[in-house]
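What follows is the content of work39.txt, which has compact mmCIF, C-alpha atoms and all ligand atoms:
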```
# COMPACT_ATOMS: atom_id res chain seq x y z
CA MET A 1 37.71 7.87 -11.80
CA ALA A 2 34.07 8.20 -10.85
CA GLU A 3 33.21 7.17 -7.33
CA ALA A 4 31.07 4.00 -7.10
CA MET A 5 27.43 5.00 -6.82
CA LYS A 6 26.06 4.44 -3.35
CA TYR A 7 22.63 2.86 -3.13
CA HIS A 8 20.71 4.69 -0.42
CA SER A 9 17.60 2.60 0.12
CA VAL A 10 15.62 0.41 2.50
CA PHE A 11 15.20 -2.21 -0.23
CA ALA A 12 17.09 -5.48 0.04
CA CYS A 13 17.79 -8.59 -2.00
CA PRO A 14 14.64 -10.76 -2.05
CA HIS A 15 16.83 -13.91 -2.07
CA CYS A 16 19.19 -13.22 0.81
CA GLY A 17 17.98 -10.02 2.49
CA LEU A 18 21.32 -8.24 2.05
CA SER A 19 21.70 -4.63 0.96
CA PHE A 20 22.38 -3.65 -2.65
CA HIS A 21 24.97 -1.54 -4.39
CA GLU A 22 24.35 0.28 -7.68
CA THR A 23 25.48 -1.18 -10.99
CA THR A 24 25.28 0.39 -14.45
CA SER A 25 21.95 -1.35 -15.14
CA GLY A 26 20.41 -1.63 -11.68
CA VAL A 27 21.44 -3.08 -8.32
CA GLN A 28 23.36 -6.09 -7.02
CA CYS A 29 23.75 -7.77 -3.61
CA PRO A 30 27.05 -9.22 -2.24
CA ASN A 31 25.94 -12.68 -3.43
CA SER A 32 25.74 -11.39 -7.01
CA HIS A 33 21.95 -11.43 -7.24
CA SER A 34 21.29 -8.56 -9.63
CA PHE A 35 18.15 -6.70 -10.67
CA ASP A 36 17.75 -4.33 -13.59
CA ARG A 37 16.15 -0.96 -13.16
CA ALA A 38 13.05 -0.39 -15.30
CA ARG A 39 12.81 2.64 -17.59
CA GLU A 40 10.52 4.31 -15.01
CA GLY A 41 13.17 3.82 -12.31
CA TYR A 42 11.64 1.03 -10.22
CA LEU A 43 13.04 -2.45 -9.47
CA ASN A 44 11.17 -5.70 -9.86
CA LEU A 45 12.05 -7.68 -6.71
CA LEU A 46 9.31 -10.27 -7.10
CA VAL A 47 10.94 -13.70 -7.06
CA ALA A 48 9.40 -16.24 -9.39
CA GLY A 49 7.79 -19.17 -7.64
CA ARG A 50 7.33 -17.36 -4.35
CA ILE A 51 3.72 -16.47 -5.11
CA SER A 52 1.47 -19.53 -5.13
CA ALA A 53 -0.49 -20.23 -8.30
CA GLY A 54 -3.87 -19.25 -6.89
CA THR A 55 -2.70 -15.87 -5.61
CA VAL A 56 -3.92 -12.85 -7.53
CA SER A 57 -1.14 -10.55 -8.67
CA GLY A 58 -2.75 -7.38 -7.38
CA ASP A 59 -4.97 -4.76 -8.95
CA THR A 60 -5.69 -4.84 -12.67
CA PRO A 61 -4.61 -1.90 -14.89
CA ASP A 62 -8.28 -0.84 -15.22
CA SER A 63 -8.74 -0.89 -11.46
CA LEU A 64 -5.52 1.13 -10.98
CA ALA A 65 -6.64 3.73 -13.53
CA ALA A 66 -10.00 4.00 -11.72
CA ARG A 67 -8.18 4.39 -8.42
CA ARG A 68 -5.99 7.19 -9.79
CA ARG A 69 -9.05 9.05 -11.16
CA PHE A 70 -11.04 8.56 -7.94
CA LEU A 71 -8.24 9.58 -5.57
CA SER A 72 -7.55 12.65 -7.77
CA THR A 73 -11.03 13.96 -6.90
CA GLY A 74 -9.93 14.36 -3.27
CA ALA A 75 -12.83 12.27 -1.95
CA TYR A 76 -10.43 10.12 0.13
CA HIS A 77 -8.16 12.99 1.24
CA PRO A 78 -9.39 12.65 4.87
CA ILE A 79 -8.07 9.07 4.91
CA ALA A 80 -4.66 10.00 3.47
CA GLN A 81 -4.54 13.00 5.81
CA ALA A 82 -5.33 10.90 8.90
CA VAL A 83 -2.53 8.47 8.04
CA ALA A 84 -0.10 11.33 7.32
CA ASP A 85 -1.02 13.05 10.61
CA THR A 86 -0.53 9.81 12.56
CA ILE A 87 2.91 9.33 11.03
CA GLY A 88 3.74 13.01 11.48
CA ASP A 89 6.97 14.65 10.35
CA VAL A 90 9.53 11.89 9.93
CA ASP A 91 13.08 12.54 8.72
CA GLY A 92 13.79 8.87 8.08
CA ALA A 93 12.38 6.33 5.66
CA VAL A 94 8.63 5.96 5.20
CA LEU A 95 7.42 2.84 3.36
CA ASP A 96 3.98 2.42 1.74
CA ILE A 97 3.13 -1.30 1.60
CA GLY A 98 0.61 -1.90 -1.17
CA CYS A 99 1.21 1.57 -2.61
CA GLY A 100 -0.81 0.97 -5.78
CA GLU A 101 -0.49 3.94 -8.13
CA GLY A 102 1.17 6.07 -5.44
CA SER A 103 -1.47 8.69 -4.57
CA TYR A 104 -1.47 7.96 -0.83
CA LEU A 105 2.32 8.16 -0.55
CA SER A 106 2.18 11.64 -2.13
CA HIS A 107 0.45 12.89 1.04
CA MET A 108 3.22 11.81 3.42
CA ARG A 109 5.55 14.45 4.78
CA SER A 110 8.82 12.49 4.86
CA PRO A 111 11.40 13.43 2.22
CA ASP A 112 12.64 9.81 2.16
CA GLN A 113 9.79 7.82 0.58
CA TYR A 114 9.48 4.20 -0.53
CA GLY A 115 6.64 2.20 -2.02
CA LEU A 116 5.99 -1.47 -2.74
CA ASP A 117 3.20 -3.21 -4.59
CA ILE A 118 2.66 -6.59 -6.18
CA ALA A 119 1.04 -5.00 -9.25
CA LYS A 120 3.73 -3.91 -11.71
CA ARG A 121 1.39 -1.48 -13.44
CA GLY A 122 0.75 0.27 -10.11
CA VAL A 123 4.48 0.61 -9.46
CA GLN A 124 4.97 2.05 -12.96
CA MET A 125 2.28 4.67 -12.35
CA ALA A 126 3.65 5.47 -8.87
CA SER A 127 7.20 5.92 -10.24
CA LYS A 128 5.96 8.52 -12.71
CA LEU A 129 3.86 10.31 -10.07
CA LEU A 130 6.69 10.51 -7.50
CA PRO A 131 10.07 10.49 -9.30
CA ASP A 132 11.96 11.27 -6.07
CA ALA A 133 10.55 8.23 -4.24
CA GLN A 134 11.82 4.67 -4.75
CA PHE A 135 9.44 1.89 -5.79
CA VAL A 136 9.69 -1.87 -6.15
CA VAL A 137 7.44 -4.69 -7.26
CA GLY A 138 7.32 -7.15 -4.37
CA THR A 139 5.18 -9.07 -1.91
CA ALA A 140 3.88 -7.61 1.36
CA PHE A 141 4.25 -10.97 3.10
CA ARG A 142 7.97 -11.28 2.53
CA LEU A 143 9.12 -7.72 2.14
CA PRO A 144 12.37 -7.18 0.19
CA VAL A 145 13.32 -4.65 2.85
CA LEU A 146 16.27 -4.48 5.26
CA ASN A 147 15.69 -5.30 8.93
CA GLU A 148 15.03 -2.23 11.12
CA SER A 149 15.39 0.17 8.18
CA CYS A 150 12.09 2.10 8.26
CA ASP A 151 11.00 4.87 10.61
CA ALA A 152 7.40 4.38 9.55
CA VAL A 153 5.48 1.87 7.47
CA PHE A 154 1.85 2.15 6.43
CA SER A 155 -0.74 0.22 4.47
CA ILE A 156 -4.04 1.64 3.23
CA PHE A 157 -6.72 -0.91 2.24
CA ALA A 158 -3.95 -3.34 1.24
CA PRO A 159 -2.86 -6.79 2.43
CA HIS A 160 -0.06 -6.60 5.01
CA SER A 161 1.79 -8.58 7.66
CA LEU A 162 2.22 -7.24 11.20
CA GLU A 163 5.22 -9.58 11.61
CA GLU A 164 6.89 -7.96 8.61
CA PHE A 165 6.06 -4.49 9.98
CA GLN A 166 7.94 -5.42 13.16
CA ARG A 167 10.92 -6.80 11.28
CA VAL A 168 11.48 -3.77 9.04
CA LEU A 169 10.71 -1.06 11.59
CA ALA A 170 13.64 0.74 13.20
CA PRO A 171 13.67 1.06 17.01
CA CYS A 172 10.83 3.46 17.97
CA GLY A 173 9.41 3.11 14.44
CA GLN A 174 5.66 3.28 13.90
CA TRP A 175 3.22 1.34 11.73
CA VAL A 176 -0.15 2.67 10.55
CA THR A 177 -2.97 0.87 8.76
CA ALA A 178 -6.26 2.00 7.25
CA THR A 179 -8.81 -0.81 7.13
CA PRO A 180 -12.55 -0.83 6.37
CA GLY A 181 -14.97 -0.48 9.28
CA ALA A 182 -18.32 -2.26 9.52
CA HIS A 183 -20.27 0.28 7.48
CA HIS A 184 -17.67 1.10 4.86
CA LEU A 185 -19.37 1.64 1.47
CA HIS A 186 -22.29 -0.50 2.67
CA GLN A 187 -24.54 1.07 0.00
CA MET A 188 -22.39 -0.58 -2.71
CA ARG A 189 -22.07 -3.99 -1.14
CA PRO A 190 -23.83 -7.23 -1.95
CA LYS A 191 -26.75 -7.48 0.47
CA ARG A 192 -27.08 -11.13 1.36
CA ASP A 193 -23.62 -12.55 1.78
CA GLU A 194 -23.34 -14.19 5.21
CA ASN A 195 -19.53 -14.20 5.08
CA ILE A 196 -19.51 -10.46 4.52
CA LEU A 197 -22.01 -9.88 7.33
CA GLU A 198 -19.83 -11.91 9.68
CA ARG A 199 -16.75 -9.92 8.66
CA GLU A 200 -18.72 -6.71 9.24
CA ARG A 201 -19.53 -7.73 12.78
CA ARG A 202 -15.87 -8.43 13.49
CA ARG A 203 -14.79 -5.15 11.92
CA ASP A 204 -16.85 -3.14 14.36
CA GLU A 205 -13.80 -3.30 16.65
CA PRO A 206 -10.41 -1.76 15.94
CA PRO A 207 -7.79 -4.08 14.44
CA ALA A 208 -5.98 -6.25 16.98
CA HIS A 209 -2.41 -5.36 18.03
CA ALA A 210 -3.02 -1.61 17.61
CA THR A 211 -1.99 0.67 20.45
CA ASN A 212 -4.04 3.51 18.97
CA ALA A 213 -7.13 3.38 16.80
CA GLN A 214 -9.27 6.15 15.43
CA ARG A 215 -12.49 5.69 13.50
CA LEU A 216 -13.03 7.94 10.50
CA GLN A 217 -16.62 8.20 9.23
CA PHE A 218 -18.05 10.52 6.60
CA ASP A 219 -20.53 10.45 3.71
CA LEU A 220 -19.75 11.17 0.08
CA ASP A 221 -21.96 12.41 -2.74
CA LEU A 222 -20.25 11.37 -5.95
CA THR A 223 -20.73 11.95 -9.64
CA GLU A 224 -21.76 8.84 -11.55
CA GLU A 225 -18.26 8.64 -13.03
CA SER A 226 -16.62 8.75 -9.59
CA ALA A 227 -19.09 6.21 -8.21
CA GLN A 228 -18.14 3.86 -11.04
CA ASP A 229 -14.43 4.44 -10.36
CA LEU A 230 -14.89 3.76 -6.64
CA PHE A 231 -16.83 0.59 -7.44
CA SER A 232 -13.99 -0.52 -9.77
CA MET A 233 -11.51 -0.13 -6.87
CA THR A 234 -13.54 -2.37 -4.56
CA PRO A 235 -13.01 -6.13 -4.20
CA LEU A 236 -13.97 -8.14 -7.26
CA VAL A 237 -16.33 -10.24 -5.14
CA TRP A 238 -18.52 -7.15 -4.78
CA GLN A 239 -18.29 -6.20 -8.43
CA THR A 240 -19.48 -9.60 -9.59
CA ALA A 241 -22.37 -9.89 -7.11
CA ALA A 242 -25.75 -9.41 -8.78
CA ASP A 243 -27.07 -7.04 -6.11
CA ALA A 244 -23.94 -4.89 -5.71
CA ALA A 245 -23.80 -1.67 -7.70
CA PRO A 246 -22.10 1.71 -7.93
CA VAL A 247 -24.25 4.31 -6.16
CA THR A 248 -23.54 8.02 -5.80
CA HIS A 249 -24.21 8.35 -2.06
CA VAL A 250 -21.87 6.26 0.06
CA SER A 251 -20.69 6.10 3.67
CA VAL A 252 -16.99 5.89 4.38
CA ASP A 253 -16.06 4.06 7.58
CA VAL A 254 -12.37 3.43 8.19
CA TRP A 255 -10.20 2.41 11.12
CA ILE A 256 -6.88 4.25 11.31
CA ALA A 257 -4.81 2.01 13.58
CA SER A 258 -1.22 2.35 14.67
CA GLY A 259 1.42 0.79 16.84
CA PHE A 260 5.14 0.90 17.50
CA LYS A 261 8.15 -1.35 17.11
CA SER A 262 7.99 -3.80 20.01
ZN ZN B 301 21.13 -11.70 -2.74
```

Go ahead and express the file in the form of structure tokens.
Amino acid sequence: MAEAMKYHSVFACPHCGLSFHETTSGVQCPNSHSFDRAREGYLNLLVAGRISAGTVSGDTPDSLAARRRFLSTGAYHPIAQAVADTIGDVDGAVLDIGCGEGSYLSHMRSPDQYGLDIAKRGVQMASKLLPDAQFVVGTAFRLPVLNESCDAVFSIFAPHSLEEFQRVLAPCGQWVTATPGAHHLHQMRPKRDENILERERRRDEPPAHATNAQRLQFDLDLTEESAQDLFSMTPLVWQTAADAAPVTHVSVDVWIASGFKS
């Protein structure tokens, strides 16, 4: 008789937080909550009703396609590289929170890779890009991830919760974030939005709670196609502003912040 398939993963039941075992169609927790595996191999662990009505469900398919095209040009390699270098060579689990279409995770050097995003289309694309990694649809603010299961977690330009980082990190585990600095893509931004200007002033300091922070700044000269793709990846509030536009010369300004399990 075939041995029961072990489920080696950091992912946990979104209802009760317990670990899964494999079934013929997907996974199941000890309380019989079961989840089917999608054709692409990912699990949908988003629990209905947990996301409030006004919450956006992540990037649109068009925005994700633009992101894949833009990241494929290598223009943001320094950002992915800085996060990968901060994490370093990790044997254990590395989790990308807000993984989108998976390009950033492909730069990490751990053989044990996991990704989560609230956009199902992103998780589908990521599953195809990295068939050896495990992906789920889920929320960053209540991660369907076992306590103290990850050696590193990271989040690049995506919503995240430092409390959840702490919960899922193993002892000595490290978190890393990449967040926009004050001058990030300022050439593309709406010019006269007081809220944005106020956020810019606050962003001139590294994110709170970080034990290490490094500022990454460089300029990019883009093709018109890449500029349009980059613009399509940016927050919708910019895209809909009358005076915001895709331009081919932009400044990148990013904080790479990190900290450890406390
Ligand atoms: Zn359960």

Could I get the residues of chain A with an atom no further than 9 Å from an atom of ligand ZN 301 (chain B), each paired with its nearest atom pair and that distance in Å to one decimal, using only C-alpha atoms and all ligand atoms, sorted by chain and residue number, as a Markdown table?
```
| residue | atom | partner | partner_atom | distance |
| --- | --- | --- | --- | --- |
| A:Ala12 | CA | B:ZN301 | ZN | 7.9 |
| A:Cys13 | CA | B:ZN301 | ZN | 4.6 |
| A:Pro14 | CA | B:ZN301 | ZN | 6.6 |
| A:His15 | CA | B:ZN301 | ZN | 4.9 |
| A:Cys16 | CA | B:ZN301 | ZN | 4.3 |
| A:Gly17 | CA | B:ZN301 | ZN | 6.3 |
| A:Leu18 | CA | B:ZN301 | ZN | 5.9 |
| A:Ser19 | CA | B:ZN301 | ZN | 8.0 |
| A:Phe20 | CA | B:ZN301 | ZN | 8.1 |
| A:Gln28 | CA | B:ZN301 | ZN | 7.4 |
| A:Cys29 | CA | B:ZN301 | ZN | 4.8 |
| A:Pro30 | CA | B:ZN301 | ZN | 6.4 |
| A:Asn31 | CA | B:ZN301 | ZN | 5.0 |
| A:Ser32 | CA | B:ZN301 | ZN | 6.3 |
| A:His33 | CA | B:ZN301 | ZN | 4.6 |
| A:Ser34 | CA | B:ZN301 | ZN | 7.6 |
```

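Rounded to one decimal, CA of His107 (chain A) and CA of Val90 (chain A) lie 12.7 Å from each other.
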
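For the choices A:Val176, A:Val137, A:Ile118, A:Ala126, the atom-to-atom distance to Ala65 (chain A) is smallest for A:Ala126 when using all atoms listed in the file.
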
Would you mind telling me which residue in A:Asp59, A:Asp221, A:Glu101, A:Glu163 lies nearest to His209 (chain A) when using all atoms listed in the file?
->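 Of all the options, A:Glu163 lies closest to His209 (chain A).
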
Just how far from CA of Asp96 (chain A) is CA of Met125 (chain A), in Å to one decimal?
-> 14.4 Å

Could you tell me how far CA of Arg68 (chain A) lies from CA of Ala245 (chain A), in Å and to one decimal?
-> 20.0 Å

Of the listed residues A:Ser127, A:Ser103, A:Thr60, A:Gln81, that which approaches Arg39 (chain A) most closely, counting only C-alpha atoms = A:Ser127

If you count only C-alpha atoms, which residues fall within 9 Å of region 165-169 of chain A, apart from same-chain ones fewer than 5 positions away, as a ChimeraX atom specification?
-> /A:10,143,145-154,160,174-175,260-262

For Asp219 (chain A), find every residue with an atom within 9 Å (counting only C-alpha atoms), except residues of its own chain fewer than 5 positions away, and show them as an mmCIF file with C-alpha atoms, in the frame of the given file.
```cif
data_model
loop_
_atom_site.group_PDB
_atom_site.id
_atom_site.type_symbol
_atom_site.label_atom_id
_atom_site.label_comp_id
_atom_site.auth_asym_id
_atom_site.auth_seq_id
_atom_site.Cartn_x
_atom_site.Cartn_y
_atom_site.Cartn_z
ATOM 1 C CA HIS A 249 -24.210 8.350 -2.060
ATOM 2 C CA VAL A 250 -21.870 6.260 0.060
ATOM 3 C CA SER A 251 -20.690 6.100 3.670
ATOM 4 C CA VAL A 252 -16.990 5.890 4.380
ATOM 5 C CA ASP A 253 -16.060 4.060 7.580
#
```

Could you tell me which of A:Leu162, A:Met108, A:Leu222, A:Leu64 comes closest to Gly92 (chain A) if we count all atoms listed in the file?
->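 Closest to Gly92 (chain A) of all the choices is A:Met108.
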
Excluding same-chain residues fewer than 6 positions from Thr86 (chain A), what lies within 9 Å of it counting all atoms listed in the file, as an mmCIF file with C-alpha atoms, in the frame of the given file?
```cif
data_model
loop_
_atom_site.group_PDB
_atom_site.id
_atom_site.type_symbol
_atom_site.label_atom_id
_atom_site.label_comp_id
_atom_site.auth_asym_id
_atom_site.auth_seq_id
_atom_site.Cartn_x
_atom_site.Cartn_y
_atom_site.Cartn_z
ATOM 1 C CA VAL A 176 -0.150 2.670 10.550
ATOM 2 C CA ILE A 256 -6.880 4.250 11.310
ATOM 3 C CA ALA A 257 -4.810 2.010 13.580
ATOM 4 C CA SER A 258 -1.220 2.350 14.670
#
```

May I have the protein, DNA and RNA residues with an atom at most 9 Å from (9.5, -2.8, -4.1), counting all atoms listed in the file in the file's coordinates, returned as JSON, numbers by chain?
-> {"A": [11, 42, 43, 44, 45, 46, 97, 114, 115, 116, 117, 118, 123, 134, 135, 136, 137, 138, 139, 143, 144, 145]}

May I ask which of the residues A:Arg142, A:Lys191, A:Lys120, A:His184 is the closest one to Thr234 (chain A), counting only C-alpha atoms?
->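 Of A:Arg142, A:Lys191, A:Lys120, A:His184, the one nearest Thr234 (chain A), counting only C-alpha atoms, is A:His184.
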